[in-house]
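Here's the structure we're looking at; comments come further down.
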Amino acid sequence: MSGTQLTVTLSGSGADDARAVVRALEGTFGSPDELPADENATVHTATFDGETDAGPGDGAAPGRLSAPVTVTVQGSPQAVRRASDTLTRAFTARDDGAASGDQEQERQLLLEP
């Protein structure tokens, strides 16, 4: 996993809420591999392979959530920290913990409407 790659896993919501969360990260990490689209899926995943020159808060407004969303971000410690900071600025968030490995980190957040 490169220093800027970030994997985001979203559960507990529909595709619209998952897309809102992914859009909130685009200002920091650029466009994901694809936006969540399957309305019947219970878990959505997006992968970001880069970062942008945009500053904090730059980019499109993420929109509102219709239900709580559990988000797990996984990547380098710096990427996970930037993603967590971005999501806590964009949504009401509760930090549900982190796990660290040798070269990557994982953090879980609960985003609330």
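Ordering of the structure tokens sets the chain letters (A, B, ...), residue numbers begin anew at 1 in every chain, and ligands are numbered from 1 in the order given.
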Which residues are close to A:Phe91, i.e. within 9 Å by only C-alpha atoms, leaving aside same-chain residues fewer than 6 positions away? Reply as a ChimeraX atom specification.
/A:21,62,64-65,111-113
Write out, as a compact mmCIF listing (two decimals), in the first residue's frame, the residues just selected, with C-alpha atoms.
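As a result, out_5.txt now contains:
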```
# COMPACT_ATOMS: atom_id res chain seq x y z
CA VAL A 21 -18.78 10.23 2.74
CA PRO A 62 -20.37 16.28 1.20
CA ARG A 64 -26.13 15.23 4.74
CA LEU A 65 -26.43 11.68 5.96
CA LEU A 111 -20.66 9.30 11.41
CA GLU A 112 -24.08 10.54 12.49
CA PRO A 113 -26.71 12.53 10.57
```
Where in chain A does DSSP assign helix (DSSP H, G or I), given as a list in words?
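Secondary structure check on chain A, helix (DSSP H, G or I): Ala15, Asp16, Asp17, Ala18, Arg19, Ala20, Val21, Val22, Arg23, Ala24, Leu25, Glu26, Gly27, Thr28, Phe29, Pro77, Gln78, Ala79, Val80, Arg81, Arg82, Ala83, Ser84, Asp85, Thr86, Leu87, Thr88, Arg89 and Ala90 of chain A.
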Computed gap from atom CA of A:Gln74 to atom CA of A:Thr7 is 5.2 Å
Stretch 84-87 of chain A surroundings by only C-alpha atoms, 9 Å radius, close-in-sequence under 6 positions cut, as a ChimeraX atom specification
/A:21,24-25,27-28,56-57,73,93,95,107-109,111
Residue selection dump (all heavy atoms) as a short mmCIF file (atom, residue, chain, number, x, y, z; two decimals), in the first residue's frame:
```cif
data_model
loop_
_atom_site.label_atom_id
_atom_site.label_comp_id
_atom_site.auth_asym_id
_atom_site.auth_seq_id
_atom_site.Cartn_x
_atom_site.Cartn_y
_atom_site.Cartn_z
N VAL A 21 -20.03 10.38 1.98
CA VAL A 21 -18.78 10.23 2.74
C VAL A 21 -17.59 10.22 1.79
O VAL A 21 -16.59 10.90 2.03
CB VAL A 21 -18.82 8.94 3.59
CG1 VAL A 21 -17.47 8.70 4.25
CG2 VAL A 21 -19.92 9.02 4.64
N ALA A 24 -16.76 13.63 0.55
CA ALA A 24 -16.08 14.45 1.55
C ALA A 24 -14.57 14.23 1.52
O ALA A 24 -13.80 15.13 1.84
CB ALA A 24 -16.63 14.13 2.94
N LEU A 25 -14.14 13.05 1.12
CA LEU A 25 -12.71 12.73 1.08
C LEU A 25 -12.03 13.15 -0.22
O LEU A 25 -10.81 13.21 -0.29
CB LEU A 25 -12.51 11.23 1.31
CG LEU A 25 -12.88 10.73 2.70
CD1 LEU A 25 -12.93 9.22 2.72
CD2 LEU A 25 -11.89 11.27 3.72
N GLY A 27 -11.70 16.01 -1.70
CA GLY A 27 -10.90 17.23 -1.62
C GLY A 27 -9.51 16.98 -1.06
O GLY A 27 -8.58 17.73 -1.32
N THR A 28 -9.35 15.90 -0.31
CA THR A 28 -8.07 15.56 0.28
C THR A 28 -7.31 14.51 -0.53
O THR A 28 -6.10 14.59 -0.68
CB THR A 28 -8.28 15.03 1.72
OG1 THR A 28 -8.95 16.03 2.48
CG2 THR A 28 -6.97 14.69 2.40
N PRO A 56 -7.52 21.82 3.59
CA PRO A 56 -8.64 21.31 4.38
C PRO A 56 -9.92 22.07 4.08
O PRO A 56 -9.92 23.28 3.99
CB PRO A 56 -8.19 21.55 5.83
CG PRO A 56 -6.71 21.67 5.76
CD PRO A 56 -6.41 22.26 4.40
N GLY A 57 -10.97 21.33 3.86
CA GLY A 57 -12.26 21.95 3.60
C GLY A 57 -12.48 22.32 2.15
O GLY A 57 -13.56 22.74 1.79
N VAL A 73 -11.28 3.41 7.84
CA VAL A 73 -10.26 3.91 6.91
C VAL A 73 -8.97 3.15 7.20
O VAL A 73 -8.60 2.94 8.35
CB VAL A 73 -10.07 5.43 7.01
CG1 VAL A 73 -11.29 6.17 6.50
CG2 VAL A 73 -9.78 5.88 8.43
N ALA A 93 -18.94 13.07 14.21
CA ALA A 93 -18.24 11.78 14.22
C ALA A 93 -17.85 11.36 15.63
O ALA A 93 -17.54 12.19 16.47
CB ALA A 93 -16.99 11.87 13.36
N ASP A 95 -15.12 8.63 17.34
CA ASP A 95 -13.97 7.75 17.09
C ASP A 95 -14.21 6.44 17.83
O ASP A 95 -14.32 6.41 19.04
CB ASP A 95 -12.70 8.43 17.60
CG ASP A 95 -11.44 7.67 17.23
OD1 ASP A 95 -11.52 6.46 16.93
OD2 ASP A 95 -10.36 8.29 17.26
N ARG A 107 -8.59 2.89 11.29
CA ARG A 107 -9.38 3.64 12.26
C ARG A 107 -10.84 3.49 11.91
O ARG A 107 -11.22 3.50 10.74
CB ARG A 107 -9.00 5.11 12.26
CG ARG A 107 -9.84 5.94 13.24
CD ARG A 107 -9.27 7.31 13.49
NE ARG A 107 -7.93 7.29 14.01
CZ ARG A 107 -7.60 7.09 15.29
NH1 ARG A 107 -8.52 6.85 16.18
NH2 ARG A 107 -6.34 7.12 15.68
N GLN A 108 -11.68 3.35 12.92
CA GLN A 108 -13.12 3.24 12.71
C GLN A 108 -13.81 4.45 13.32
O GLN A 108 -13.53 4.84 14.44
CB GLN A 108 -13.67 1.96 13.33
CG GLN A 108 -15.13 1.74 13.00
CD GLN A 108 -15.58 0.33 13.36
OE1 GLN A 108 -14.85 -0.63 13.18
NE2 GLN A 108 -16.77 0.23 13.89
N LEU A 109 -14.70 5.04 12.53
CA LEU A 109 -15.49 6.20 12.96
C LEU A 109 -16.96 5.88 12.77
O LEU A 109 -17.34 5.18 11.84
CB LEU A 109 -15.15 7.43 12.13
CG LEU A 109 -13.72 7.92 12.13
CD1 LEU A 109 -13.51 8.95 11.04
CD2 LEU A 109 -13.36 8.50 13.48
N LEU A 111 -20.17 7.99 11.87
CA LEU A 111 -20.66 9.30 11.41
C LEU A 111 -22.16 9.33 11.62
O LEU A 111 -22.88 8.40 11.24
CB LEU A 111 -20.31 9.51 9.93
CG LEU A 111 -18.85 9.32 9.56
CD1 LEU A 111 -18.66 9.60 8.07
CD2 LEU A 111 -17.95 10.21 10.39
#
```
Give the strand (DSSP E) residues of stretch 6-113 of chain A, as DSSP finds them on the backbone, and put them as a PDB file with N, CA, C and O atoms, in the first residue's frame.
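Okay, this is what ended up in states-v1.pdb:
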```
ATOM      1  N   LEU A   6      -5.545   4.974   0.260  1.00  0.00           N
ATOM      2  CA  LEU A   6      -6.468   4.874   1.378  1.00  0.00           C
ATOM      3  C   LEU A   6      -7.634   4.005   0.947  1.00  0.00           C
ATOM      4  O   LEU A   6      -8.198   4.211  -0.127  1.00  0.00           O
ATOM      5  N   THR A   7      -7.993   3.032   1.772  1.00  0.00           N
ATOM      6  CA  THR A   7      -9.169   2.208   1.531  1.00  0.00           C
ATOM      7  C   THR A   7     -10.218   2.583   2.564  1.00  0.00           C
ATOM      8  O   THR A   7      -9.926   2.652   3.761  1.00  0.00           O
ATOM      9  N   VAL A   8     -11.431   2.824   2.084  1.00  0.00           N
ATOM     10  CA  VAL A   8     -12.538   3.238   2.943  1.00  0.00           C
ATOM     11  C   VAL A   8     -13.646   2.202   2.819  1.00  0.00           C
ATOM     12  O   VAL A   8     -14.086   1.887   1.710  1.00  0.00           O
ATOM     13  N   THR A   9     -14.088   1.666   3.945  1.00  0.00           N
ATOM     14  CA  THR A   9     -15.187   0.704   3.969  1.00  0.00           C
ATOM     15  C   THR A   9     -16.316   1.339   4.768  1.00  0.00           C
ATOM     16  O   THR A   9     -16.100   1.842   5.869  1.00  0.00           O
ATOM     17  N   LEU A  10     -17.523   1.329   4.185  1.00  0.00           N
ATOM     18  CA  LEU A  10     -18.678   1.992   4.799  1.00  0.00           C
ATOM     19  C   LEU A  10     -19.802   0.983   4.981  1.00  0.00           C
ATOM     20  O   LEU A  10     -20.091   0.206   4.065  1.00  0.00           O
ATOM     21  N   SER A  11     -20.440   1.006   6.144  1.00  0.00           N
ATOM     22  CA  SER A  11     -21.565   0.105   6.382  1.00  0.00           C
ATOM     23  C   SER A  11     -22.625   0.813   7.213  1.00  0.00           C
ATOM     24  O   SER A  11     -22.363   1.841   7.827  1.00  0.00           O
ATOM     25  N   VAL A  43     -22.436  -3.190   2.423  1.00  0.00           N
ATOM     26  CA  VAL A  43     -21.104  -2.646   2.663  1.00  0.00           C
ATOM     27  C   VAL A  43     -20.606  -2.032   1.359  1.00  0.00           C
ATOM     28  O   VAL A  43     -20.758  -2.626   0.292  1.00  0.00           O
ATOM     29  N   HIS A  44     -20.058  -0.838   1.450  1.00  0.00           N
ATOM     30  CA  HIS A  44     -19.521  -0.131   0.278  1.00  0.00           C
ATOM     31  C   HIS A  44     -18.038   0.110   0.519  1.00  0.00           C
ATOM     32  O   HIS A  44     -17.616   0.372   1.648  1.00  0.00           O
ATOM     33  N   THR A  45     -17.254   0.043  -0.551  1.00  0.00           N
ATOM     34  CA  THR A  45     -15.813   0.262  -0.450  1.00  0.00           C
ATOM     35  C   THR A  45     -15.362   1.223  -1.536  1.00  0.00           C
ATOM     36  O   THR A  45     -15.866   1.180  -2.660  1.00  0.00           O
ATOM     37  N   ALA A  46     -14.420   2.081  -1.193  1.00  0.00           N
ATOM     38  CA  ALA A  46     -13.791   2.981  -2.168  1.00  0.00           C
ATOM     39  C   ALA A  46     -12.303   3.024  -1.856  1.00  0.00           C
ATOM     40  O   ALA A  46     -11.898   2.959  -0.692  1.00  0.00           O
ATOM     41  N   THR A  47     -11.509   3.121  -2.913  1.00  0.00           N
ATOM     42  CA  THR A  47     -10.060   3.216  -2.757  1.00  0.00           C
ATOM     43  C   THR A  47      -9.576   4.494  -3.413  1.00  0.00           C
ATOM     44  O   THR A  47      -9.946   4.801  -4.544  1.00  0.00           O
ATOM     45  N   PHE A  48      -8.760   5.224  -2.684  1.00  0.00           N
ATOM     46  CA  PHE A  48      -8.140   6.447  -3.187  1.00  0.00           C
ATOM     47  C   PHE A  48      -6.654   6.157  -3.371  1.00  0.00           C
ATOM     48  O   PHE A  48      -6.005   5.625  -2.469  1.00  0.00           O
ATOM     49  N   VAL A  69     -23.445   6.062   9.743  1.00  0.00           N
ATOM     50  CA  VAL A  69     -22.559   5.313   8.848  1.00  0.00           C
ATOM     51  C   VAL A  69     -21.303   4.923   9.629  1.00  0.00           C
ATOM     52  O   VAL A  69     -20.662   5.778  10.236  1.00  0.00           O
ATOM     53  N   THR A  70     -20.988   3.644   9.624  1.00  0.00           N
ATOM     54  CA  THR A  70     -19.736   3.183  10.207  1.00  0.00           C
ATOM     55  C   THR A  70     -18.689   3.204   9.102  1.00  0.00           C
ATOM     56  O   THR A  70     -18.887   2.614   8.039  1.00  0.00           O
ATOM     57  N   VAL A  71     -17.592   3.909   9.345  1.00  0.00           N
ATOM     58  CA  VAL A  71     -16.540   4.072   8.353  1.00  0.00           C
ATOM     59  C   VAL A  71     -15.235   3.510   8.917  1.00  0.00           C
ATOM     60  O   VAL A  71     -14.846   3.863  10.034  1.00  0.00           O
ATOM     61  N   THR A  72     -14.599   2.665   8.149  1.00  0.00           N
ATOM     62  CA  THR A  72     -13.269   2.178   8.490  1.00  0.00           C
ATOM     63  C   THR A  72     -12.315   2.689   7.425  1.00  0.00           C
ATOM     64  O   THR A  72     -12.548   2.479   6.234  1.00  0.00           O
ATOM     65  N   VAL A  73     -11.278   3.411   7.838  1.00  0.00           N
ATOM     66  CA  VAL A  73     -10.261   3.908   6.913  1.00  0.00           C
ATOM     67  C   VAL A  73      -8.972   3.153   7.197  1.00  0.00           C
ATOM     68  O   VAL A  73      -8.603   2.944   8.352  1.00  0.00           O
ATOM     69  N   GLN A  74      -8.311   2.723   6.119  1.00  0.00           N
ATOM     70  CA  GLN A  74      -7.096   1.938   6.254  1.00  0.00           C
ATOM     71  C   GLN A  74      -6.052   2.445   5.277  1.00  0.00           C
ATOM     72  O   GLN A  74      -6.340   2.661   4.097  1.00  0.00           O
ATOM     73  N   GLY A  75      -4.837   2.651   5.782  1.00  0.00           N
ATOM     74  CA  GLY A  75      -3.744   3.122   4.939  1.00  0.00           C
ATOM     75  C   GLY A  75      -2.551   3.487   5.797  1.00  0.00           C
ATOM     76  O   GLY A  75      -2.435   3.034   6.937  1.00  0.00           O
ATOM     77  N   THR A  92     -20.694  14.901  11.994  1.00  0.00           N
ATOM     78  CA  THR A  92     -20.628  14.614  13.419  1.00  0.00           C
ATOM     79  C   THR A  92     -20.066  13.209  13.534  1.00  0.00           C
ATOM     80  O   THR A  92     -20.641  12.260  12.990  1.00  0.00           O
ATOM     81  N   ALA A  93     -18.939  13.069  14.214  1.00  0.00           N
ATOM     82  CA  ALA A  93     -18.239  11.785  14.224  1.00  0.00           C
ATOM     83  C   ALA A  93     -17.850  11.364  15.627  1.00  0.00           C
ATOM     84  O   ALA A  93     -17.536  12.193  16.475  1.00  0.00           O
ATOM     85  N   ARG A  94     -17.858  10.050  15.830  1.00  0.00           N
ATOM     86  CA  ARG A  94     -17.370   9.453  17.068  1.00  0.00           C
ATOM     87  C   ARG A  94     -16.244   8.504  16.694  1.00  0.00           C
ATOM     88  O   ARG A  94     -16.404   7.646  15.810  1.00  0.00           O
ATOM     89  N   ASP A  95     -15.116   8.628  17.339  1.00  0.00           N
ATOM     90  CA  ASP A  95     -13.974   7.754  17.092  1.00  0.00           C
ATOM     91  C   ASP A  95     -14.212   6.437  17.827  1.00  0.00           C
ATOM     92  O   ASP A  95     -14.324   6.415  19.041  1.00  0.00           O
ATOM     93  N   ASP A  96     -14.289   5.345  17.066  1.00  0.00           N
ATOM     94  CA  ASP A  96     -14.538   4.035  17.665  1.00  0.00           C
ATOM     95  C   ASP A  96     -13.280   3.183  17.775  1.00  0.00           C
ATOM     96  O   ASP A  96     -13.361   1.980  17.999  1.00  0.00           O
ATOM     97  N   GLY A  97     -12.106   3.795  17.610  1.00  0.00           N
ATOM     98  CA  GLY A  97     -10.875   3.076  17.867  1.00  0.00           C
ATOM     99  C   GLY A  97      -9.982   2.927  16.656  1.00  0.00           C
ATOM    100  O   GLY A  97     -10.379   3.179  15.525  1.00  0.00           O
ATOM    101  N   ALA A  98      -8.752   2.515  16.939  1.00  0.00           N
ATOM    102  CA  ALA A  98      -7.745   2.358  15.896  1.00  0.00           C
ATOM    103  C   ALA A  98      -6.912   1.125  16.180  1.00  0.00           C
ATOM    104  O   ALA A  98      -6.815   0.675  17.322  1.00  0.00           O
ATOM    105  N   ALA A  99      -6.319   0.598  15.113  1.00  0.00           N
ATOM    106  CA  ALA A  99      -5.369  -0.508  15.210  1.00  0.00           C
ATOM    107  C   ALA A  99      -4.197  -0.173  14.309  1.00  0.00           C
ATOM    108  O   ALA A  99      -4.378   0.338  13.205  1.00  0.00           O
ATOM    109  N   SER A 100      -2.995  -0.436  14.793  1.00  0.00           N
ATOM    110  CA  SER A 100      -1.800  -0.127  14.020  1.00  0.00           C
ATOM    111  C   SER A 100      -1.039  -1.401  13.693  1.00  0.00           C
ATOM    112  O   SER A 100      -0.925  -2.297  14.522  1.00  0.00           O
ATOM    113  N   GLN A 105      -2.253   1.656   9.214  1.00  0.00           N
ATOM    114  CA  GLN A 105      -3.120   1.872  10.360  1.00  0.00           C
ATOM    115  C   GLN A 105      -4.564   1.732   9.902  1.00  0.00           C
ATOM    116  O   GLN A 105      -4.875   1.923   8.726  1.00  0.00           O
ATOM    117  N   GLU A 106      -5.433   1.417  10.854  1.00  0.00           N
ATOM    118  CA  GLU A 106      -6.864   1.337  10.574  1.00  0.00           C
ATOM    119  C   GLU A 106      -7.584   2.104  11.674  1.00  0.00           C
ATOM    120  O   GLU A 106      -7.214   2.024  12.837  1.00  0.00           O
ATOM    121  N   ARG A 107      -8.591   2.886  11.294  1.00  0.00           N
ATOM    122  CA  ARG A 107      -9.378   3.639  12.263  1.00  0.00           C
ATOM    123  C   ARG A 107     -10.845   3.487  11.906  1.00  0.00           C
ATOM    124  O   ARG A 107     -11.218   3.503  10.736  1.00  0.00           O
ATOM    125  N   GLN A 108     -11.677   3.349  12.924  1.00  0.00           N
ATOM    126  CA  GLN A 108     -13.118   3.245  12.708  1.00  0.00           C
ATOM    127  C   GLN A 108     -13.815   4.452  13.318  1.00  0.00           C
ATOM    128  O   GLN A 108     -13.526   4.843  14.444  1.00  0.00           O
ATOM    129  N   LEU A 109     -14.703   5.041  12.533  1.00  0.00           N
ATOM    130  CA  LEU A 109     -15.489   6.198  12.959  1.00  0.00           C
ATOM    131  C   LEU A 109     -16.964   5.885  12.774  1.00  0.00           C
ATOM    132  O   LEU A 109     -17.343   5.178  11.837  1.00  0.00           O
ATOM    133  N   LEU A 110     -17.788   6.442  13.625  1.00  0.00           N
ATOM    134  CA  LEU A 110     -19.240   6.407  13.430  1.00  0.00           C
ATOM    135  C   LEU A 110     -19.659   7.821  13.077  1.00  0.00           C
ATOM    136  O   LEU A 110     -19.484   8.748  13.877  1.00  0.00           O
ATOM    137  N   LEU A 111     -20.175   7.987  11.866  1.00  0.00           N
ATOM    138  CA  LEU A 111     -20.660   9.296  11.411  1.00  0.00           C
ATOM    139  C   LEU A 111     -22.163   9.332  11.616  1.00  0.00           C
ATOM    140  O   LEU A 111     -22.878   8.399  11.239  1.00  0.00           O
ATOM    141  N   GLU A 112     -22.658  10.432  12.169  1.00  0.00           N
ATOM    142  CA  GLU A 112     -24.080  10.538  12.486  1.00  0.00           C
ATOM    143  C   GLU A 112     -24.721  11.658  11.662  1.00  0.00           C
ATOM    144  O   GLU A 112     -24.061  12.650  11.346  1.00  0.00           O
TER     145      GLU A 112
END
```
Identify which of the residues A:Ser66, A:Gln103, A:Thr42, A:Ser13 lies closest to A:Gln78, counting only C-alpha atoms when measuring atom-to-atom distances.
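Ranked by minimum distance to A:Gln78, first place goes to A:Gln103.
Take the candidates A:Asp16, A:Ala67, A:Ser76, A:Thr88 and check each one against A:Gly101 using only C-alpha atoms; the shortest distance goes to A:Ser76.
Considering only C-alpha atoms, the residue among A:Asp33, A:Asp17, A:Asp38, A:Glu104 positioned nearest to A:Pro77 is A:Glu104.
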Between A:Asn40, A:Arg89, A:Gly50, A:Gly14, which residue has the minimum interatomic distance to A:Glu26, considering only C-alpha atoms?
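Of A:Asn40, A:Arg89, A:Gly50, A:Gly14, the one nearest A:Glu26 is A:Gly50, counting only C-alpha atoms.
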If I take atom CA of A:Pro68 and atom CA of A:Gly12, how far is one from the other in Å, to one decimal?
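Spanning atom CA of A:Pro68 to atom CA of A:Gly12 is a straight-line distance of 6.5 Å.
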